[in-house]
>>> print(open('data.cif').read())   # mmCIF, C-alpha atoms and all ligand atoms
data_model
#
loop_
_atom_site.label_atom_id
_atom_site.label_comp_id
_atom_site.auth_asym_id
_atom_site.auth_seq_id
_atom_site.Cartn_x
_atom_site.Cartn_y
_atom_site.Cartn_z
CA MET D 2 -68.46 41.92 -93.36
CA ARG D 3 -67.01 38.77 -91.84
CA LEU D 4 -63.28 38.63 -92.34
CA VAL D 5 -60.28 36.62 -91.28
CA LEU D 6 -56.81 38.24 -91.33
CA LEU D 7 -54.06 35.73 -92.03
CA GLY D 8 -50.32 36.29 -91.87
CA ALA D 9 -47.14 35.40 -90.03
CA PRO D 10 -46.25 36.88 -86.64
CA GLY D 11 -45.48 40.56 -87.29
CA ALA D 12 -47.30 40.65 -90.64
CA GLY D 13 -49.42 43.55 -89.39
CA LYS D 14 -52.68 41.75 -88.56
CA GLY D 15 -53.16 43.74 -85.36
CA THR D 16 -52.32 47.06 -87.00
CA GLN D 17 -54.62 46.49 -89.98
CA GLY D 18 -57.32 44.89 -87.82
CA GLU D 19 -57.54 48.04 -85.73
CA LEU D 20 -57.69 50.32 -88.79
CA LEU D 21 -60.32 48.15 -90.49
CA ALA D 22 -62.47 48.02 -87.36
CA ARG D 23 -62.52 51.82 -87.30
CA GLU D 24 -63.24 52.00 -91.00
CA TYR D 25 -66.11 49.49 -91.06
CA HIS D 26 -67.43 49.91 -87.48
CA ILE D 27 -67.16 46.24 -86.61
CA PRO D 28 -65.18 44.60 -83.79
CA HIS D 29 -61.55 43.58 -84.20
CA ILE D 30 -61.27 40.25 -82.41
CA ALA D 31 -57.68 39.18 -81.81
CA THR D 32 -57.14 35.87 -80.03
CA GLY D 33 -53.65 36.99 -78.92
CA ASP D 34 -55.21 40.02 -77.17
CA LEU D 35 -57.95 37.88 -75.57
CA LEU D 36 -55.35 35.41 -74.27
CA ARG D 37 -53.02 38.18 -73.00
CA ALA D 38 -55.95 39.84 -71.19
CA ALA D 39 -56.72 36.51 -69.48
CA MET D 40 -53.03 36.12 -68.61
CA ALA D 41 -52.89 39.63 -67.11
CA ALA D 42 -56.04 38.93 -65.07
CA GLY D 43 -54.56 35.64 -63.83
CA THR D 44 -57.68 33.61 -64.71
CA PRO D 45 -57.43 29.81 -65.09
CA LEU D 46 -57.59 30.32 -68.89
CA GLY D 47 -54.76 32.84 -68.64
CA GLU D 48 -52.61 30.52 -66.54
CA GLU D 49 -53.10 27.70 -69.04
CA ALA D 50 -52.43 30.00 -72.04
CA ARG D 51 -49.21 31.39 -70.52
CA ARG D 52 -47.54 27.96 -70.65
CA TYR D 53 -47.84 27.96 -74.45
CA VAL D 54 -47.64 31.66 -75.35
CA SER D 55 -44.36 32.22 -73.48
CA ARG D 56 -42.75 29.38 -75.46
CA GLY D 57 -44.14 30.52 -78.82
CA GLU D 58 -46.38 27.48 -79.14
CA LEU D 59 -50.07 27.35 -79.98
CA VAL D 60 -52.61 27.17 -77.19
CA PRO D 61 -54.63 23.91 -77.62
CA ASP D 62 -57.42 24.12 -80.19
CA GLU D 63 -60.26 23.28 -77.80
CA VAL D 64 -59.27 26.15 -75.49
CA VAL D 65 -59.02 28.81 -78.21
CA ILE D 66 -62.11 27.60 -80.06
CA GLY D 67 -64.16 28.02 -76.86
CA VAL D 68 -62.86 31.57 -76.37
CA VAL D 69 -63.66 32.58 -79.96
CA ARG D 70 -67.12 31.03 -80.01
CA GLU D 71 -68.04 32.92 -76.89
CA ARG D 72 -66.69 36.19 -78.31
CA LEU D 73 -68.45 35.77 -81.67
CA ALA D 74 -71.75 35.17 -79.89
CA ALA D 75 -71.60 38.67 -78.34
CA PRO D 76 -74.12 41.17 -79.77
CA ASP D 77 -71.47 43.50 -81.25
CA ALA D 78 -70.27 40.73 -83.59
CA GLU D 79 -73.72 40.15 -85.04
CA HIS D 80 -73.20 42.50 -87.97
CA GLY D 81 -69.65 41.52 -88.77
CA PHE D 82 -66.16 41.10 -87.34
CA ILE D 83 -62.49 41.02 -88.18
CA LEU D 84 -60.79 37.94 -86.78
CA ASP D 85 -57.04 38.31 -86.20
CA GLY D 86 -54.88 35.35 -85.18
CA PHE D 87 -57.72 32.85 -85.56
CA PRO D 88 -57.93 30.34 -87.15
CA ARG D 89 -54.37 29.08 -86.87
CA THR D 90 -54.90 25.36 -87.49
CA GLU D 91 -57.13 23.37 -89.81
CA ALA D 92 -59.19 22.19 -86.82
CA GLN D 93 -59.82 25.83 -85.84
CA ALA D 94 -60.76 26.74 -89.43
CA LYS D 95 -63.24 23.87 -89.67
CA SER D 96 -64.75 24.72 -86.32
CA LEU D 97 -65.14 28.37 -87.36
CA ASP D 98 -66.85 27.32 -90.60
CA ALA D 99 -69.26 25.07 -88.70
CA PHE D 100 -70.06 27.73 -86.13
CA LEU D 101 -70.69 30.45 -88.72
CA GLU D 102 -72.78 28.15 -90.93
CA GLU D 103 -74.88 27.16 -87.89
CA SER D 104 -75.63 30.80 -87.22
CA GLY D 105 -76.35 31.52 -90.92
CA ARG D 106 -73.50 34.00 -91.39
CA PRO D 107 -70.70 32.36 -93.39
CA LEU D 108 -67.23 33.85 -93.72
CA LYS D 109 -66.87 36.36 -96.57
CA LEU D 110 -63.13 36.67 -97.05
CA ALA D 111 -59.69 35.62 -95.79
CA VAL D 112 -57.09 38.36 -96.31
CA PHE D 113 -53.47 37.18 -96.29
CA LEU D 114 -50.89 39.87 -95.45
CA ASP D 115 -47.80 38.78 -97.33
CA VAL D 116 -44.52 39.94 -95.72
CA GLU D 117 -41.00 38.55 -96.12
CA PRO D 118 -39.29 36.95 -93.06
CA GLU D 119 -36.53 39.62 -92.65
CA VAL D 120 -39.18 42.34 -92.35
CA LEU D 121 -41.12 40.27 -89.81
CA MET D 122 -38.04 39.92 -87.59
CA ARG D 123 -37.34 43.69 -87.74
CA ARG D 124 -40.93 44.53 -86.88
CA LEU D 125 -41.16 42.17 -83.92
CA SER D 126 -37.82 43.04 -82.36
CA ALA D 127 -38.74 46.76 -82.31
CA ARG D 128 -42.33 46.35 -81.11
CA ARG D 129 -43.15 47.75 -77.68
CA VAL D 130 -46.54 47.42 -76.02
CA CYS D 131 -48.36 49.04 -73.14
CA PRO D 132 -48.97 46.48 -70.35
CA LYS D 133 -51.91 48.55 -69.08
CA CYS D 134 -54.03 49.56 -72.10
CA GLY D 135 -52.57 47.23 -74.77
CA ALA D 136 -51.52 50.00 -77.21
CA SER D 137 -48.80 48.83 -79.60
CA TYR D 138 -45.79 50.81 -80.89
CA HIS D 139 -42.76 50.31 -83.08
CA LEU D 140 -39.49 52.01 -82.16
CA GLU D 141 -38.98 53.26 -85.73
CA SER D 142 -42.27 53.26 -87.64
CA ARG D 143 -44.67 54.11 -84.80
CA PRO D 144 -42.68 55.51 -81.88
CA PRO D 145 -44.42 56.86 -78.78
CA LYS D 146 -44.28 60.67 -78.39
CA THR D 147 -42.32 60.34 -75.13
CA PRO D 148 -39.72 57.58 -75.51
CA GLU D 149 -40.65 54.41 -73.55
CA TYR D 150 -44.05 55.71 -72.36
CA CYS D 151 -47.55 55.01 -73.68
CA ASP D 152 -49.19 57.98 -75.48
CA ALA D 153 -52.64 56.82 -74.39
CA CYS D 154 -52.20 56.12 -70.66
CA GLY D 155 -48.64 57.12 -69.72
CA SER D 156 -47.55 53.64 -68.55
CA ARG D 157 -44.01 52.44 -69.18
CA LEU D 158 -43.84 50.33 -72.36
CA ILE D 159 -42.49 46.78 -72.34
CA GLN D 160 -41.37 44.20 -74.88
CA ARG D 161 -43.78 41.27 -75.22
CA GLU D 162 -42.27 38.17 -73.64
CA ASP D 163 -42.80 36.26 -76.88
CA ASP D 164 -41.01 38.95 -78.94
CA ARG D 165 -37.61 37.79 -77.62
CA GLU D 166 -35.50 36.57 -80.53
CA GLU D 167 -35.52 32.86 -79.66
CA VAL D 168 -39.30 32.81 -79.11
CA VAL D 169 -39.92 34.71 -82.37
CA ALA D 170 -37.93 32.05 -84.26
CA ARG D 171 -40.15 29.39 -82.69
CA ARG D 172 -43.34 31.31 -83.54
CA LEU D 173 -42.27 31.61 -87.17
CA ARG D 174 -41.62 27.84 -87.38
CA VAL D 175 -44.97 27.07 -85.77
CA TYR D 176 -46.66 29.45 -88.23
CA GLN D 177 -45.08 27.73 -91.24
CA ALA D 178 -45.96 24.25 -90.02
CA GLN D 179 -49.47 24.81 -88.68
CA THR D 180 -50.97 28.00 -90.08
CA GLU D 181 -49.55 28.45 -93.57
CA PRO D 182 -51.52 25.42 -94.86
CA LEU D 183 -54.67 27.46 -94.22
CA LEU D 184 -53.82 29.56 -97.27
CA ASP D 185 -54.70 26.53 -99.40
CA PHE D 186 -57.71 25.77 -97.25
CA TYR D 187 -59.22 29.20 -98.00
CA ALA D 188 -57.95 29.33 -101.60
CA ARG D 189 -59.85 26.08 -102.33
CA ARG D 190 -63.03 27.76 -101.06
CA GLY D 191 -62.42 30.82 -103.24
CA LEU D 192 -62.16 33.07 -100.17
CA LEU D 193 -58.45 33.94 -100.16
CA VAL D 194 -57.00 37.27 -101.26
CA ARG D 195 -53.28 38.08 -101.02
CA VAL D 196 -52.21 41.59 -100.19
CA ALA D 197 -48.61 42.83 -100.16
CA GLY D 198 -48.00 43.65 -96.48
CA THR D 199 -45.06 46.05 -96.85
CA GLY D 200 -45.26 49.83 -97.13
CA THR D 201 -46.84 52.20 -94.65
CA PRO D 202 -49.88 51.02 -92.66
CA ALA D 203 -52.02 53.50 -94.67
CA GLU D 204 -50.80 52.09 -97.99
CA ILE D 205 -51.52 48.56 -96.87
CA LEU D 206 -54.96 49.57 -95.57
CA ALA D 207 -55.81 51.01 -99.01
CA ARG D 208 -54.82 47.68 -100.63
CA VAL D 209 -56.83 45.68 -98.11
CA LYS D 210 -59.91 47.86 -98.63
CA ALA D 211 -59.62 47.47 -102.39
CA ALA D 212 -59.37 43.68 -101.95
CA ILE D 213 -62.41 43.70 -99.66
CA GLU D 214 -64.48 45.76 -102.07
CA GLU D 215 -63.52 43.40 -104.89
CA GLY D 216 -63.94 40.20 -102.83
CA VAL D 217 -67.01 40.81 -100.65
CA LYS D 218 -70.04 40.82 -102.87
P1 LIG F 301 -50.76 36.89 -81.49
O1 LIG F 301 -50.84 38.01 -80.54
O2 LIG F 301 -51.89 36.64 -82.42
O3 LIG F 301 -49.39 37.04 -82.27
P2 LIG F 301 -49.01 36.83 -83.80
O4 LIG F 301 -49.95 36.20 -84.72
O5 LIG F 301 -47.69 36.18 -83.68
O6 LIG F 301 -49.04 38.26 -84.33
P3 LIG F 301 -48.36 39.52 -83.78
O7 LIG F 301 -49.22 40.18 -82.75
O8 LIG F 301 -46.94 39.24 -83.35
O9 LIG F 301 -48.19 40.37 -85.10
P4 LIG F 301 -49.28 41.08 -86.03
O10 LIG F 301 -49.37 40.37 -87.32
O11 LIG F 301 -50.54 41.37 -85.29
O12 LIG F 301 -48.47 42.43 -86.31
P5 LIG F 301 -48.64 43.89 -85.63
O13 LIG F 301 -49.70 44.63 -86.33
O14 LIG F 301 -48.68 43.79 -84.14
O15 LIG F 301 -50.53 35.52 -80.71
C1 LIG F 301 -49.60 35.41 -79.67
C2 LIG F 301 -49.61 34.00 -79.13
O16 LIG F 301 -50.92 33.67 -78.60
C3 LIG F 301 -49.34 32.87 -80.13
O17 LIG F 301 -47.95 32.67 -80.35
C4 LIG F 301 -50.02 31.69 -79.47
O18 LIG F 301 -49.24 31.19 -78.41
C5 LIG F 301 -51.27 32.31 -78.87
N1 LIG F 301 -52.41 32.28 -79.81
C6 LIG F 301 -53.03 33.36 -80.36
N2 LIG F 301 -54.03 32.95 -81.19
C7 LIG F 301 -54.04 31.60 -81.13
C8 LIG F 301 -54.81 30.60 -81.78
N3 LIG F 301 -55.78 30.92 -82.65
N4 LIG F 301 -54.54 29.31 -81.53
C9 LIG F 301 -53.57 28.96 -80.65
N5 LIG F 301 -52.79 29.86 -80.01
C10 LIG F 301 -53.02 31.16 -80.25
O19 LIG F 301 -47.22 44.52 -86.08
C11 LIG F 301 -46.00 44.08 -85.51
C12 LIG F 301 -45.08 45.31 -85.35
O20 LIG F 301 -44.82 45.88 -86.63
C13 LIG F 301 -45.69 46.45 -84.49
O21 LIG F 301 -44.66 47.06 -83.76
C14 LIG F 301 -46.27 47.42 -85.54
O22 LIG F 301 -46.31 48.76 -85.08
C15 LIG F 301 -45.27 47.25 -86.70
N6 LIG F 301 -45.91 47.42 -88.00
C16 LIG F 301 -47.13 46.96 -88.41
N7 LIG F 301 -47.37 47.31 -89.69
C17 LIG F 301 -46.26 47.99 -90.10
C18 LIG F 301 -45.90 48.61 -91.33
N8 LIG F 301 -46.72 48.59 -92.38
N9 LIG F 301 -44.70 49.20 -91.41
C19 LIG F 301 -43.84 49.24 -90.36
N10 LIG F 301 -44.14 48.69 -89.15
C20 LIG F 301 -45.34 48.06 -89.03
#
>>> encode(input="data.cif", output="C-alpha cells")
Amino acid sequence: MRLVLLGAPGAGKGTQGELLAREYHIPHIATGDLLRAAMAAGTPLGEEARRYVSRGELVPDEVVIGVVRERLAAPDAEHGFILDGFPRTEAQAKSLDAFLEESGRPLKLAVFLDVEPEVLMRRLSARRVCPKCGASYHLESRPPKTPEYCDACGSRLIQREDDREEVVARRLRVYQAQTEPLLDFYARRGLLVRVAGTGTPAEILARVKAAIEEGVK
C-alpha cells in the first residue's frame, strides 16, 4: 500500500492519514509534521522552514524532497506508507515517481479529499494542537476532554501560527496555484480517486477504504 493523500489545507489529510495508518499498519508520513518537528527542535532545516511556513508559503522543493527521500528510505516504510502533504508541486510529484520507480515500488493510489472552501475555513480556525506531543483537536468536532488541555499529555493547547486567518487565506491560494494541478497529473496516470471529504471522520474513512480496495489491485 503506497498512497498519497491530496487535498486543500484543512481537508482532513492528517486526520485520515492517522486513521489509515492504524488500519493498515503502515507509517503516516506528513511533511508538515516533519517540518514542524524540525522547527520545534531549532535545527537548521527547521529555521529555514519557519520562514516559509509562518507566511503560508511552500518550503523550497529541494529541501522538502530531501526530507521525504530520507524518511521513505527508513525500514518502516518498506512495506508501504501514507504520504500526507507531499507532493505539493509538479517537481515534487516527478521526484517522488522517480524515487519510487528506482526502488521498484511505484505509487498505487492518490486519494483526493474533496471539501468546499467554507468548510476548510471553519475547520482550520477551530483547530488546536498540542505543542508537546502534536495531537490535534477541533473545538467543535473533536474537543479535548478538559478545555484547552491535551488529552494525551496534559500540555496547554495552542493555535498553529499558520492557522491565523490571513495565513490560511494565503495557504488556500498557494494550494490552488501550485498543488491543485496535481489532480490532473495523477488523473492522467489513472491513479486518482476522489472522495467526498465531509461528514464524520469515520464516514470519510469508510469511503477512503472503499476507494482503496477498489483502486489498489
Ligand atoms: P501541512 O501541515 O501539511 O498543512 P496543510 O496541508 O495545510 O494541511 P493541514 O494540516 O492544515 O490540514 P489537513 O488536511 O491535514 O487537515 P486535518 O486533518 O488537520 O503544511 C503546513 C506548511 O508546511 C505548509 O503551508 C508549507 O509551508 C509547509 N509544507 C508542508 N509540506 C510541504 C511540501 N510538500 N512542500 C513545501 N512546503 C510544505 O483537519 C483540520 C481540522 O479539521 C482539525 O481540527 C480536525 O480535527 C478537523 N477535522 C478533520 N476532519 C474532520 C471532519 N470530518 N469533520 C469535522 N472536523 C474535521
>>> atom_distance(input="data.cif", atom1="atom CA of Cys134 of chain D", atom2="atom CA of Gly67 of chain D")
24.3 Å
>>> axis_aligned_box(input="data.cif", around="ligand LIG 301 (chain F)", padding_each_side="5 Å", output="JSON")
{"center_x": -49.8, "center_y": 39.1, "center_z": -85.4, "size_x": 21.9, "size_y": 30.3, "size_z": 24.0}
>>> closest_atom_pairs(input="data.cif", of="segment 39-140 of chain D", to="segment 206-211 of chain D", cutoff="12 Å", atoms="all atoms listed in the file", output="Markdown table")
| residue | atom | partner | partner_atom | distance |
| --- | --- | --- | --- | --- |
| D:Leu110 | CA | D:Val209 | CA | 11.0 |
| D:Ala111 | CA | D:Val209 | CA | 10.7 |
| D:Val112 | CA | D:Val209 | CA | 7.5 |
| D:Phe113 | CA | D:Val209 | CA | 9.3 |
| D:Leu114 | CA | D:Val209 | CA | 8.7 |
| D:Asp115 | CA | D:Val209 | CA | 11.4 |
>>> residues_near_point(input="data.cif", point="(-73.5, 34.6, -94.8)", cutoff="12 Å", atoms="all atoms listed in the file", output="number ranges by chain")
D: 2-4, 79-81, 98, 100-110, 217-218
>>> residues_around(input="data.cif", residues="Glu162 of chain D", least_positions_apart="5", cutoff="10 Å", atoms="only C-alpha atoms", output="list in words")
Val54, Ser55, Arg56, Gly57, Val168 and Val169 of chain D
>>> closest_residue(input="data.cif", among="D:Glu167, D:Asp152, D:Glu214, D:Asp185", to="Tyr25 of chain D", atoms="only C-alpha atoms")
D:Glu214
>>> atom_distance(input="data.cif", atom1="atom CA of Ala188 of chain D", atom2="atom O2 of ligand LIG 301 (chain F)")
21.4 Å
>>> atom_distance(input="data.cif", atom1="atom C18 of ligand LIG 301 (chain F)", atom2="atom CA of Ala12 of chain D")
8.1 Å
>>> residues_near_point(input="data.cif", point="(-49.8, 46.8, -77.2)", cutoff="10 Å", atoms="all atoms listed in the file", output="PyMOL selection string")
chain D and resi 15+34+128-139+151+158-161
>>> closest_residue(input="data.cif", among="D:Glu24, D:Glu71, D:Glu48, D:Asp85", to="ligand LIG 301 (chain F)", atoms="all atoms listed in the file")
D:Asp85
>>> residues_around(input="data.cif", residues="Met40 of chain D", least_positions_apart="4", cutoff="12 Å", atoms="all atoms listed in the file", output="ChimeraX atom specification")
/D:33-36,44-55,132
>>> closest_residue(input="data.cif", among="D:Ala99, D:Leu121, D:Val5, D:Val60", to="ligand LIG 301 (chain F)", atoms="only C-alpha atoms and all ligand atoms")
D:Val60
>>> closest_residue(input="data.cif", among="D:Gly155, D:Pro10, D:Pro144, D:Pro28", to="Ala78 of chain D", atoms="all atoms listed in the file")
D:Pro28
>>> closest_residue(input="data.cif", among="D:Ala75, D:Leu21, D:Ala38, D:Leu59", to="Arg171 of chain D", atoms="all atoms listed in the file")
D:Leu59
>>> closest_residue(input="data.cif", among="D:Arg72, D:Arg143, D:Lys95, D:Arg23", to="ligand LIG 301 (chain F)", atoms="all atoms listed in the file")
D:Arg143
>>> residues_around(input="data.cif", residues="Ile30 of chain D", least_positions_apart="5", cutoff="9 Å", atoms="only C-alpha atoms", output="JSON, numbers by chain")
{"D": [18, 35, 69, 72, 73, 82, 83, 84, 85, 86, 87]}
>>> residues_around(input="data.cif", residues="Thr201 of chain D", least_positions_apart="2", cutoff="12 Å", atoms="all atoms listed in the file", output="list in words")
Gly13, Thr16, Gln17, Glu141, Ser142, Arg143, Ala197, Gly198, Thr199, Ala203, Glu204, Ile205, Leu206, Ala207 and Arg208 of chain D
